file protein-v9.cif (mmCIF, C-alpha atoms and all ligand atoms)
data_data
loop_
_atom_site.label_atom_id
_atom_site.label_comp_id
_atom_site.auth_asym_id
_atom_site.auth_seq_id
_atom_site.Cartn_x
_atom_site.Cartn_y
_atom_site.Cartn_z
CA MET A 263 17.39 7.53 12.73
CA ALA A 264 15.62 10.86 12.66
CA LYS A 265 13.14 11.30 15.44
CA LYS A 266 9.55 12.02 14.58
CA MET A 267 8.45 15.33 16.00
CA LYS A 268 5.15 17.15 15.92
CA THR A 269 5.84 20.85 15.77
CA LYS A 270 4.26 23.86 14.17
CA THR A 271 6.48 25.44 11.60
CA LYS A 272 6.51 28.65 9.72
CA PRO A 273 5.92 27.89 6.02
CA THR A 274 8.91 28.11 3.75
CA LYS A 275 8.49 30.83 1.18
CA ILE A 276 7.91 29.12 -2.15
CA THR A 277 10.44 30.70 -4.39
CA SER A 278 11.36 28.59 -7.36
CA GLY A 279 11.23 25.30 -9.14
CA ALA A 280 8.33 25.64 -11.58
CA LYS A 281 10.66 25.79 -14.57
CA LYS A 282 12.61 22.80 -13.29
CA GLN A 283 9.53 20.59 -12.96
CA THR A 284 10.36 17.44 -14.89
CA THR A 285 8.60 14.51 -13.22
CA ALA A 286 5.59 13.79 -11.05
CA THR A 287 7.79 14.37 -8.02
CA LYS A 288 9.13 17.69 -9.23
CA GLY A 289 7.35 21.02 -8.71
CA ALA A 290 7.39 24.28 -6.89
CA ALA A 291 5.08 27.23 -6.73
CA PRO A 292 6.03 30.84 -7.28
CA ALA A 293 6.30 33.16 -4.30
CA LYS A 294 2.97 34.72 -3.33
CA LYS A 295 2.04 36.77 -0.35
CA ARG A 296 -1.05 35.65 1.53
CA SER A 297 -3.62 38.24 0.73
CA THR A 298 -7.29 38.80 1.38
CA LYS A 299 -7.65 40.65 -1.93
CA SER A 300 -7.19 37.66 -4.23
CA GLN A 301 -10.35 37.06 -6.20
CA PRO A 302 -11.09 33.69 -7.74
CA LYS A 303 -12.26 33.55 -11.34
CA GLY A 304 -15.15 31.82 -13.07
CA ALA A 305 -18.21 30.32 -11.43
CA ALA A 306 -16.41 29.89 -8.13
CA GLY A 307 -15.10 33.43 -8.43
CA LYS A 308 -18.23 34.90 -6.89
CA GLU A 309 -17.05 33.64 -3.53
CA SER A 310 -14.80 35.99 -1.60
CA LEU A 311 -11.52 34.71 -0.23
CA ASP A 312 -12.78 35.11 3.34
CA ALA A 313 -15.91 33.10 2.53
CA ARG A 314 -13.76 30.46 0.85
CA ARG A 315 -11.55 30.22 3.94
CA GLN A 316 -14.58 29.78 6.16
CA ARG A 317 -15.93 27.07 3.87
CA ALA A 318 -12.47 25.42 3.82
CA GLU A 319 -12.47 25.32 7.62
CA ARG A 320 -15.84 23.56 7.58
CA ILE A 321 -14.53 21.10 4.98
CA VAL A 322 -11.50 20.36 7.18
CA ALA A 323 -13.78 19.84 10.20
CA GLU A 324 -15.89 17.36 8.25
CA LEU A 325 -12.80 15.55 6.95
CA ASP A 326 -11.56 15.33 10.57
CA ARG A 327 -14.89 13.81 11.56
CA LEU A 328 -14.94 11.36 8.64
CA TYR A 329 -11.29 10.28 8.82
CA PRO A 330 -10.03 10.94 12.36
CA ASP A 331 -7.18 8.46 11.94
CA ALA A 332 -6.20 9.42 8.40
CA GLU A 333 -2.51 8.79 7.90
CA CYS A 334 -0.08 8.36 5.05
CA ALA A 335 -0.83 5.02 3.37
CA LEU A 336 2.81 4.31 2.55
CA THR A 337 4.28 1.82 5.02
CA HIS A 338 7.39 3.23 6.72
CA LYS A 339 9.27 3.15 10.02
CA ASN A 340 11.56 6.13 9.57
CA ALA A 341 12.13 9.21 7.40
CA LEU A 342 14.39 7.37 4.97
CA GLU A 343 11.82 4.65 4.34
CA LEU A 344 9.13 7.30 3.82
CA LEU A 345 11.37 9.17 1.41
CA VAL A 346 12.11 6.06 -0.67
CA ALA A 347 8.47 4.94 -0.61
CA THR A 348 7.33 8.40 -1.73
CA ILE A 349 9.80 8.40 -4.63
CA LEU A 350 8.47 4.97 -5.62
CA SER A 351 4.85 6.15 -5.39
CA ALA A 352 5.17 8.48 -8.39
CA GLN A 353 2.81 7.15 -11.09
CA CYS A 354 2.15 4.10 -8.91
CA THR A 355 -0.41 3.06 -6.31
CA ASP A 356 0.48 3.03 -2.61
CA GLU A 357 -0.65 -0.61 -2.49
CA ARG A 358 1.90 -1.59 -5.11
CA VAL A 359 4.65 0.35 -3.33
CA ASN A 360 3.78 -1.34 -0.04
CA LYS A 361 4.23 -4.73 -1.67
CA VAL A 362 7.73 -3.80 -2.84
CA THR A 363 9.15 -1.98 0.17
CA PRO A 364 9.33 -4.72 2.85
CA ALA A 365 12.01 -6.65 0.93
CA LEU A 366 13.62 -3.41 -0.22
CA PHE A 367 14.02 -2.01 3.29
CA LYS A 368 15.32 -5.35 4.52
CA ARG A 369 18.00 -5.31 1.81
CA TYR A 370 18.87 -1.60 2.23
CA SER A 371 18.48 -0.24 5.75
CA SER A 372 20.44 3.02 5.58
CA ALA A 373 21.15 5.93 3.24
CA LYS A 374 24.68 4.54 2.80
CA ALA A 375 23.28 1.16 1.78
CA PHE A 376 21.11 2.83 -0.88
CA ALA A 377 24.06 4.97 -1.97
CA GLU A 378 26.15 1.85 -2.56
CA ALA A 379 23.37 -0.23 -4.11
CA ASP A 380 23.99 -2.11 -7.33
CA VAL A 381 21.78 -0.28 -9.78
CA ALA A 382 20.67 -3.42 -11.66
CA GLU A 383 19.71 -5.17 -8.42
CA LEU A 384 17.80 -2.13 -7.16
CA GLU A 385 16.01 -1.72 -10.50
CA ALA A 386 14.91 -5.36 -10.39
CA MET A 387 13.50 -4.92 -6.89
CA ILE A 388 11.42 -1.84 -7.78
CA GLN A 389 10.56 -2.71 -11.38
CA SER A 390 6.86 -3.30 -10.68
CA THR A 391 6.39 0.30 -9.51
CA GLY A 392 7.08 1.63 -13.01
CA PHE A 393 9.64 4.18 -14.21
CA PHE A 394 12.09 2.00 -12.28
CA ARG A 395 15.25 3.27 -13.98
CA ASN A 396 14.61 6.89 -13.05
CA LYS A 397 13.44 5.90 -9.58
CA ALA A 398 16.55 3.77 -8.96
CA LYS A 399 18.73 6.66 -10.08
CA SER A 400 16.90 9.04 -7.73
CA ILE A 401 17.06 6.67 -4.75
CA ILE A 402 20.79 5.96 -5.16
CA GLY A 403 21.45 9.67 -5.73
CA ALA A 404 19.41 10.66 -2.67
CA GLY A 405 21.26 8.04 -0.61
CA ARG A 406 24.58 9.54 -1.68
CA VAL A 407 23.62 13.13 -0.86
CA ILE A 408 22.10 12.15 2.50
CA THR A 409 25.27 10.21 3.35
CA ASP A 410 27.77 12.78 2.10
CA ARG A 411 26.05 16.02 3.11
CA PHE A 412 23.67 15.20 5.93
CA GLY A 413 25.50 12.57 7.99
CA GLY A 414 23.11 9.80 6.97
CA ASP A 415 19.95 11.51 8.25
CA VAL A 416 17.13 12.72 6.02
CA PRO A 417 17.08 16.52 6.37
CA ASP A 418 14.08 18.11 8.11
CA ASN A 419 13.76 21.31 6.11
CA MET A 420 12.48 22.17 2.64
CA ASP A 421 15.65 23.74 1.25
CA ASP A 422 17.85 20.74 2.07
CA LEU A 423 15.23 18.21 0.98
CA LEU A 424 15.00 19.91 -2.42
CA THR A 425 18.72 19.25 -2.97
CA LEU A 426 18.06 15.49 -3.02
CA PRO A 427 17.74 13.87 -6.46
CA GLY A 428 14.14 12.90 -7.22
CA VAL A 429 12.76 15.15 -4.50
CA ALA A 430 10.62 18.21 -5.22
CA ARG A 431 7.90 19.92 -3.22
CA LYS A 432 5.41 17.05 -3.25
CA THR A 433 7.87 14.54 -1.81
CA ALA A 434 9.40 17.11 0.54
CA ASN A 435 5.94 18.05 1.85
CA VAL A 436 5.19 14.38 2.53
CA ILE A 437 8.41 13.97 4.54
CA LEU A 438 8.04 17.25 6.43
CA GLY A 439 4.34 16.86 7.20
CA THR A 440 4.02 13.14 7.83
CA TRP A 441 7.35 12.37 9.51
CA PHE A 442 8.59 15.63 11.00
CA GLY A 443 5.16 17.11 11.77
CA LYS A 444 5.97 20.37 9.99
CA ASN A 445 3.31 22.13 7.95
CA VAL A 446 5.55 23.83 5.40
CA GLY A 447 3.38 23.23 2.34
CA VAL A 448 0.50 21.10 1.11
CA VAL A 449 0.99 17.80 -0.69
CA VAL A 450 -0.77 17.82 -4.06
CA ASP A 451 -1.26 14.37 -5.53
CA THR A 452 -3.85 13.20 -8.04
CA HIS A 453 -6.63 12.92 -5.41
CA ILE A 454 -5.94 16.27 -3.78
CA GLY A 455 -5.67 17.99 -7.16
CA ARG A 456 -9.04 16.59 -8.21
CA LEU A 457 -10.79 17.41 -4.93
CA ALA A 458 -9.29 20.89 -4.70
CA HIS A 459 -10.95 21.66 -8.03
CA ARG A 460 -14.28 20.00 -7.31
CA LEU A 461 -14.52 21.61 -3.88
CA GLY A 462 -13.67 25.01 -5.33
CA LEU A 463 -10.56 25.34 -3.16
CA SER A 464 -8.32 26.16 -6.13
CA TRP A 465 -9.16 28.95 -8.52
CA ARG A 466 -5.87 29.92 -10.12
CA SER A 467 -4.87 26.49 -11.42
CA ARG A 468 -5.51 25.61 -15.06
CA ASP A 469 -6.56 22.03 -14.29
CA THR A 470 -6.33 19.29 -11.69
CA LYS A 471 -2.70 18.57 -12.65
CA ASP A 472 -1.51 22.15 -12.08
CA ALA A 473 0.09 21.18 -8.76
CA VAL A 474 2.08 24.39 -8.38
CA LYS A 475 -0.97 26.68 -8.31
CA ILE A 476 -3.18 24.18 -6.51
CA GLU A 477 -0.69 24.08 -3.63
CA LEU A 478 -0.53 27.85 -3.60
CA ASP A 479 -4.34 28.12 -3.45
CA LEU A 480 -4.66 25.46 -0.73
CA MET A 481 -2.03 27.22 1.36
CA GLU A 482 -4.11 30.36 1.05
CA VAL A 483 -7.43 28.90 2.16
CA LEU A 484 -6.66 25.98 4.50
CA PRO A 485 -5.65 26.67 8.11
CA GLN A 486 -1.89 26.05 8.32
CA ASP A 487 -2.15 23.67 11.25
CA ALA A 488 -4.39 21.47 9.07
CA TRP A 489 -2.24 21.32 5.93
CA THR A 490 -0.94 17.78 6.49
CA ARG A 491 -4.08 16.46 8.19
CA ALA A 492 -6.42 17.87 5.53
CA GLY A 493 -4.20 16.38 2.81
CA HIS A 494 -4.59 12.92 4.30
CA GLY A 495 -8.34 13.47 4.68
CA LEU A 496 -8.74 14.62 1.07
CA ILE A 497 -6.82 11.58 -0.19
CA HIS A 498 -9.07 9.25 1.83
CA HIS A 499 -12.18 11.05 0.59
CA GLY A 500 -10.94 10.88 -3.00
CA ARG A 501 -10.44 7.15 -2.68
CA GLN A 502 -13.64 6.33 -0.81
CA VAL A 503 -16.28 8.80 -2.03
CA CYS A 504 -15.14 11.31 -4.63
CA GLY A 505 -13.59 9.01 -7.19
CA ALA A 506 -12.16 10.27 -10.45
CA ARG A 507 -14.80 8.69 -12.68
CA LYS A 508 -17.81 8.44 -10.42
CA PRO A 509 -18.05 10.77 -7.44
CA ASP A 510 -20.76 9.54 -5.06
CA CYS A 511 -22.29 12.93 -4.32
CA GLY A 512 -25.47 11.32 -2.96
CA ALA A 513 -23.49 9.74 -0.13
CA CYS A 514 -21.07 12.64 0.36
CA THR A 515 -21.40 14.65 3.56
CA LEU A 516 -19.29 17.39 1.99
CA ALA A 517 -22.02 18.01 -0.61
CA PRO A 518 -23.49 21.08 1.18
CA LEU A 519 -20.00 22.62 1.04
CA CYS A 520 -19.16 21.54 -2.52
CA PRO A 521 -19.92 23.67 -5.60
CA SER A 522 -19.60 20.55 -7.81
CA ALA A 523 -22.12 18.44 -5.88
CA HIS A 524 -24.48 16.52 -8.17
CA THR A 525 -23.08 18.17 -11.30
CA PHE A 526 -21.87 14.77 -12.53
CA GLU A 527 -25.33 13.17 -12.60
S1 LIG A 601 -20.20 16.45 -3.33
FE1 LIG A 601 -19.56 15.11 -5.02
S2 LIG A 601 -17.99 16.28 -6.13
FE2 LIG A 601 -18.24 17.24 -4.11
S3 LIG A 601 -16.68 16.28 -2.80
FE3 LIG A 601 -18.57 15.12 -2.53
S4 LIG A 601 -18.45 13.43 -4.02
FE4 LIG A 601 -16.91 14.99 -4.61
#

call {"tool": "encode", "arguments": {"input": "protein-v9.cif", "output": "C-alpha cells"}}
result
Amino acid sequence: MAKKMKTKTKPTKITSGAKKQTTATKGAAPAKKRSTKSQPKGAAGKESLDARRQRAERIVAELDRLYPDAECALTHKNALELLVATILSAQCTDERVNKVTPALFKRYSSAKAFAEADVAELEAMIQSTGFFRNKAKSIIGAGRVITDRFGGDVPDNMDDLLTLPGVARKTANVILGTWFGKNVGVVVDTHIGRLAHRLGLSWRSRDTKDAVKIELDLMEVLPQDAWTRAGHGLIHHGRQVCGARKPDCGACTLAPLCPSAHTFE
C-alpha cells in the first residue's frame, strides 16, 4: 500500500491532453508560464493579476476559516481506493459512490484483483454510478497497468498517472493532492468550475465547464501550497452556500471578495 505523505512539490508543467479530452475525467491544460502580465478580460478584467492574487489569498483564508477540516468526500483507505472512487465519481455524486464502494473494495482489494475482475460482475456492482461500462473498462484497465508497470502501487506522479486508462488531470490531481499531499495542479470539478467563475478567479475560460483553462487560471492566482486545500474548501462552499441554482449571497462571508455577489437576486 502506498504511504500517504504530505510534501510540497514543484508543479508538473502542463503540456498536453486538451485534444485527447474525451470524458469528464479527461483533460489537460496547455503549457503556460506564470506571468504577472496576464490581463483578464471583460468586467473582471479591470482587476490586475496582482490584485486578483491578493484577493485569492483572502478567499483561501476565509475558506480555511469556514472549512478547517475540509477533506475529500470520497471514502477511501488507500491510493487505489481513492483512484477507483474518483473514476466512479464522474457524472455521479460522492454520496452515491460511497454507497457502492464498501462492497466493491471488499470484493477487490488490490490492483491485481481489479485487473482480473469479471467485467460483467464489476459492471453490476457499479451500475448505479452511471456510465458503468466505460467506468468498468477504465478500472480494469487501470488495475492492469498498475499491476504490470508499477508493481501494484498507484504511481505518485502526474506523468505515470496519466498513463492509466480513465485517468486525466482531474483524477490525477485528486490522487496527488489528497493522498500523496502533492500540489501539482488544481482539481476542477463542477463546483470548483462554477465558483472559479463567480469569484472571478478564472478569466480565460469560456464557461464553467472549460476545466483546462480554469485549472490554468487557478494555478496562476492561488498560492501553490493551497491548491488542494482550497479545492476542498471551494467544493464545500459550492455545496453549502454557493449552489448552482440558488447561491445564498446574503449568508456568504465571501461576498465582500466576490464580484458576482447579489447579482442573482
Ligand atoms: S457571494 Fe454569492 S456568488 Fe459569490 S461566492 Fe458567495 S454565494 Fe457564491

call {"tool": "residues_near_ligand", "arguments": {"input": "protein-v9.cif", "ligand": "ligand LIG 601 (chain A)", "cutoff": "8 Å", "atoms": "all atoms listed in the file", "output": "PyMOL selection string"}}
result
chain A and resi 457+460-461+499-500+503-505+509-526

call {"tool": "atom_distance", "arguments": {"input": "protein-v9.cif", "atom1": "CA of Ile388 (chain A)", "atom2": "CA of Leu426 (chain A)"}}
result
19.2 Å

call {"tool": "closest_atom_pairs", "arguments": {"input": "protein-v9.cif", "of": "region 303-417 of chain A", "to": "region 481-489 of chain A", "cutoff": "7 Å", "atoms": "all atoms listed in the file", "output": "Markdown table"}}
result
| residue | atom | partner | partner_atom | distance |
| --- | --- | --- | --- | --- |
| A:Arg314 | CA | A:Val483 | CA | 6.6 |
| A:Arg315 | CA | A:Val483 | CA | 4.7 |
| A:Ala318 | CA | A:Leu484 | CA | 5.9 |
| A:Glu319 | CA | A:Leu484 | CA | 6.6 |

call {"tool": "closest_residue", "arguments": {"input": "protein-v9.cif", "among": "A:Ala377, A:Gly439, A:Ile497, A:Val449", "to": "Ile476 (chain A)", "atoms": "all atoms listed in the file"}}
result
A:Val449

call {"tool": "closest_residue", "arguments": {"input": "protein-v9.cif", "among": "A:Thr337, A:Ala373, A:Asp479, A:Ser390", "to": "Gln353 (chain A)", "atoms": "only C-alpha atoms"}}
result
A:Ser390

call {"tool": "decode", "arguments": {"input": "protein-v9.cif", "residues": "region 284-426 of chain A", "atoms": "C-alpha atoms", "output": "CSV table (one decimal), in the first residue's frame"}}
result
chain,number,residue,atom,x,y,z
A,284,THR,CA,-13.0,12.6,-24.2
A,285,THR,CA,-14.8,12.2,-20.8
A,286,ALA,CA,-15.4,14.1,-17.6
A,287,THR,CA,-12.2,12.6,-16.2
A,288,LYS,CA,-10.1,13.5,-19.2
A,289,GLY,CA,-8.4,16.9,-19.6
A,290,ALA,CA,-5.2,18.8,-19.6
A,291,ALA,CA,-4.2,22.4,-20.0
A,292,PRO,CA,-1.7,23.8,-22.4
A,293,ALA,CA,1.7,24.9,-21.1
A,294,LYS,CA,1.7,28.5,-19.8
A,295,LYS,CA,4.4,30.3,-17.9
A,296,ARG,CA,3.3,32.1,-14.7
A,297,SER,CA,3.3,35.7,-15.6
A,298,THR,CA,2.3,38.9,-13.9
A,299,LYS,CA,1.5,40.5,-17.3
A,300,SER,CA,-1.6,38.4,-18.0
A,301,GLN,CA,-4.7,40.6,-18.1
A,302,PRO,CA,-8.2,39.2,-17.6
A,303,LYS,CA,-10.9,40.2,-20.0
A,304,GLY,CA,-14.4,41.5,-19.5
A,305,ALA,CA,-15.9,43.0,-16.4
A,306,ALA,CA,-13.4,41.2,-14.2
A,307,GLY,CA,-10.6,42.3,-16.5
A,308,LYS,CA,-10.2,45.6,-14.7
A,309,GLU,CA,-8.5,43.8,-11.9
A,310,SER,CA,-4.8,43.3,-12.2
A,311,LEU,CA,-3.3,39.9,-11.8
A,312,ASP,CA,-1.5,41.0,-8.6
A,313,ALA,CA,-4.8,42.3,-7.2
A,314,ARG,CA,-6.5,39.1,-8.2
A,315,ARG,CA,-3.8,37.1,-6.4
A,316,GLN,CA,-4.2,39.1,-3.2
A,317,ARG,CA,-8.0,38.7,-3.4
A,318,ALA,CA,-7.5,34.9,-4.0
A,319,GLU,CA,-5.3,34.7,-0.9
A,320,ARG,CA,-8.1,36.3,1.2
A,321,ILE,CA,-10.6,33.9,-0.3
A,322,VAL,CA,-8.4,31.0,0.7
A,323,ALA,CA,-8.0,32.4,4.2
A,324,GLU,CA,-11.8,32.6,4.5
A,325,LEU,CA,-12.3,29.1,3.1
A,326,ASP,CA,-9.7,27.9,5.7
A,327,ARG,CA,-11.7,29.6,8.4
A,328,LEU,CA,-15.1,28.2,7.2
A,329,TYR,CA,-14.0,24.7,6.4
A,330,PRO,CA,-10.9,23.9,8.5
A,331,ASP,CA,-11.4,20.2,8.2
A,332,ALA,CA,-12.4,20.1,4.6
A,333,GLU,CA,-11.4,16.8,3.0
A,334,CYS,CA,-12.2,14.7,0.0
A,335,ALA,CA,-15.7,13.4,0.4
A,336,LEU,CA,-15.0,10.1,-1.3
A,337,THR,CA,-14.5,7.3,1.3
A,338,HIS,CA,-11.1,5.6,0.8
A,339,LYS,CA,-8.3,3.9,2.8
A,340,ASN,CA,-5.5,3.9,0.3
A,341,ALA,CA,-4.5,5.4,-3.1
A,342,LEU,CA,-6.1,2.6,-5.1
A,343,GLU,CA,-9.4,3.0,-3.4
A,344,LEU,CA,-9.3,6.8,-4.0
A,345,LEU,CA,-8.4,6.2,-7.6
A,346,VAL,CA,-11.3,3.8,-8.2
A,347,ALA,CA,-13.7,6.1,-6.3
A,348,THR,CA,-12.6,9.1,-8.3
A,349,ILE,CA,-13.2,7.2,-11.6
A,350,LEU,CA,-16.6,6.3,-10.3
A,351,SER,CA,-17.4,9.8,-9.3
A,352,ALA,CA,-17.5,11.1,-12.9
A,353,GLN,CA,-21.1,12.3,-13.6
A,354,CYS,CA,-22.1,10.9,-10.2
A,355,THR,CA,-22.5,12.2,-6.7
A,356,ASP,CA,-19.9,11.3,-4.0
A,357,GLU,CA,-22.8,10.0,-1.8
A,358,ARG,CA,-23.8,7.5,-4.5
A,359,VAL,CA,-20.1,6.4,-5.0
A,360,ASN,CA,-19.7,6.0,-1.2
A,361,LYS,CA,-22.7,3.6,-1.2
A,362,VAL,CA,-21.1,1.5,-3.8
A,363,THR,CA,-17.5,1.3,-2.8
A,364,PRO,CA,-17.7,-0.6,0.6
A,365,ALA,CA,-18.8,-3.8,-1.1
A,366,LEU,CA,-16.6,-3.1,-4.1
A,367,PHE,CA,-13.4,-2.7,-2.1
A,368,LYS,CA,-14.3,-5.8,-0.1
A,369,ARG,CA,-14.6,-7.8,-3.3
A,370,TYR,CA,-11.5,-6.3,-5.0
A,371,SER,CA,-8.7,-5.3,-2.6
A,372,SER,CA,-5.7,-4.9,-4.9
A,373,ALA,CA,-4.8,-3.6,-8.4
A,374,LYS,CA,-4.4,-7.2,-9.4
A,375,ALA,CA,-7.8,-8.1,-8.2
A,376,PHE,CA,-9.3,-5.3,-10.3
A,377,ALA,CA,-7.2,-6.3,-13.3
A,378,GLU,CA,-8.6,-9.8,-13.1
A,379,ALA,CA,-12.2,-8.8,-12.4
A,380,ASP,CA,-15.0,-10.3,-14.4
A,381,VAL,CA,-16.3,-7.4,-16.4
A,382,ALA,CA,-20.0,-8.3,-16.0
A,383,GLU,CA,-19.7,-8.7,-12.3
A,384,LEU,CA,-17.8,-5.4,-11.9
A,385,GLU,CA,-20.4,-3.6,-14.1
A,386,ALA,CA,-23.2,-4.9,-12.0
A,387,MET,CA,-21.5,-3.7,-8.8
A,388,ILE,CA,-21.0,-0.1,-10.1
A,389,GLN,CA,-24.1,0.2,-12.3
A,390,SER,CA,-25.8,2.8,-10.1
A,391,THR,CA,-23.0,5.3,-10.6
A,392,GLY,CA,-23.8,5.6,-14.3
A,393,PHE,CA,-21.6,5.2,-17.4
A,394,PHE,CA,-20.8,1.8,-15.7
A,395,ARG,CA,-19.5,0.1,-18.9
A,396,ASN,CA,-16.9,2.8,-19.5
A,397,LYS,CA,-16.0,3.0,-15.8
A,398,ALA,CA,-15.6,-0.8,-15.5
A,399,LYS,CA,-13.3,-0.7,-18.6
A,400,SER,CA,-11.2,2.1,-17.1
A,401,ILE,CA,-11.0,0.4,-13.6
A,402,ILE,CA,-9.9,-3.0,-15.1
A,403,GLY,CA,-7.5,-1.3,-17.4
A,404,ALA,CA,-6.0,0.9,-14.6
A,405,GLY,CA,-5.7,-2.3,-12.5
A,406,ARG,CA,-3.7,-4.0,-15.3
A,407,VAL,CA,-1.3,-1.1,-15.9
A,408,ILE,CA,-0.7,-0.6,-12.1
A,409,THR,CA,0.0,-4.3,-11.8
A,410,ASP,CA,2.1,-4.7,-14.9
A,411,ARG,CA,4.0,-1.4,-14.9
A,412,PHE,CA,4.0,-0.1,-11.3
A,413,GLY,CA,4.4,-3.2,-9.2
A,414,GLY,CA,0.8,-3.0,-7.8
A,415,ASP,CA,1.2,0.5,-6.4
A,416,VAL,CA,-0.6,3.6,-7.7
A,417,PRO,CA,2.1,5.9,-9.1
A,418,ASP,CA,2.7,9.2,-7.2
A,419,ASN,CA,3.5,11.4,-10.2
A,420,MET,CA,1.4,13.1,-12.9
A,421,ASP,CA,3.1,11.6,-15.9
A,422,ASP,CA,2.7,8.0,-14.7
A,423,LEU,CA,-0.9,8.6,-13.5
A,424,LEU,CA,-1.8,9.9,-16.9
A,425,THR,CA,-0.9,6.6,-18.5
A,426,LEU,CA,-3.7,4.9,-16.6
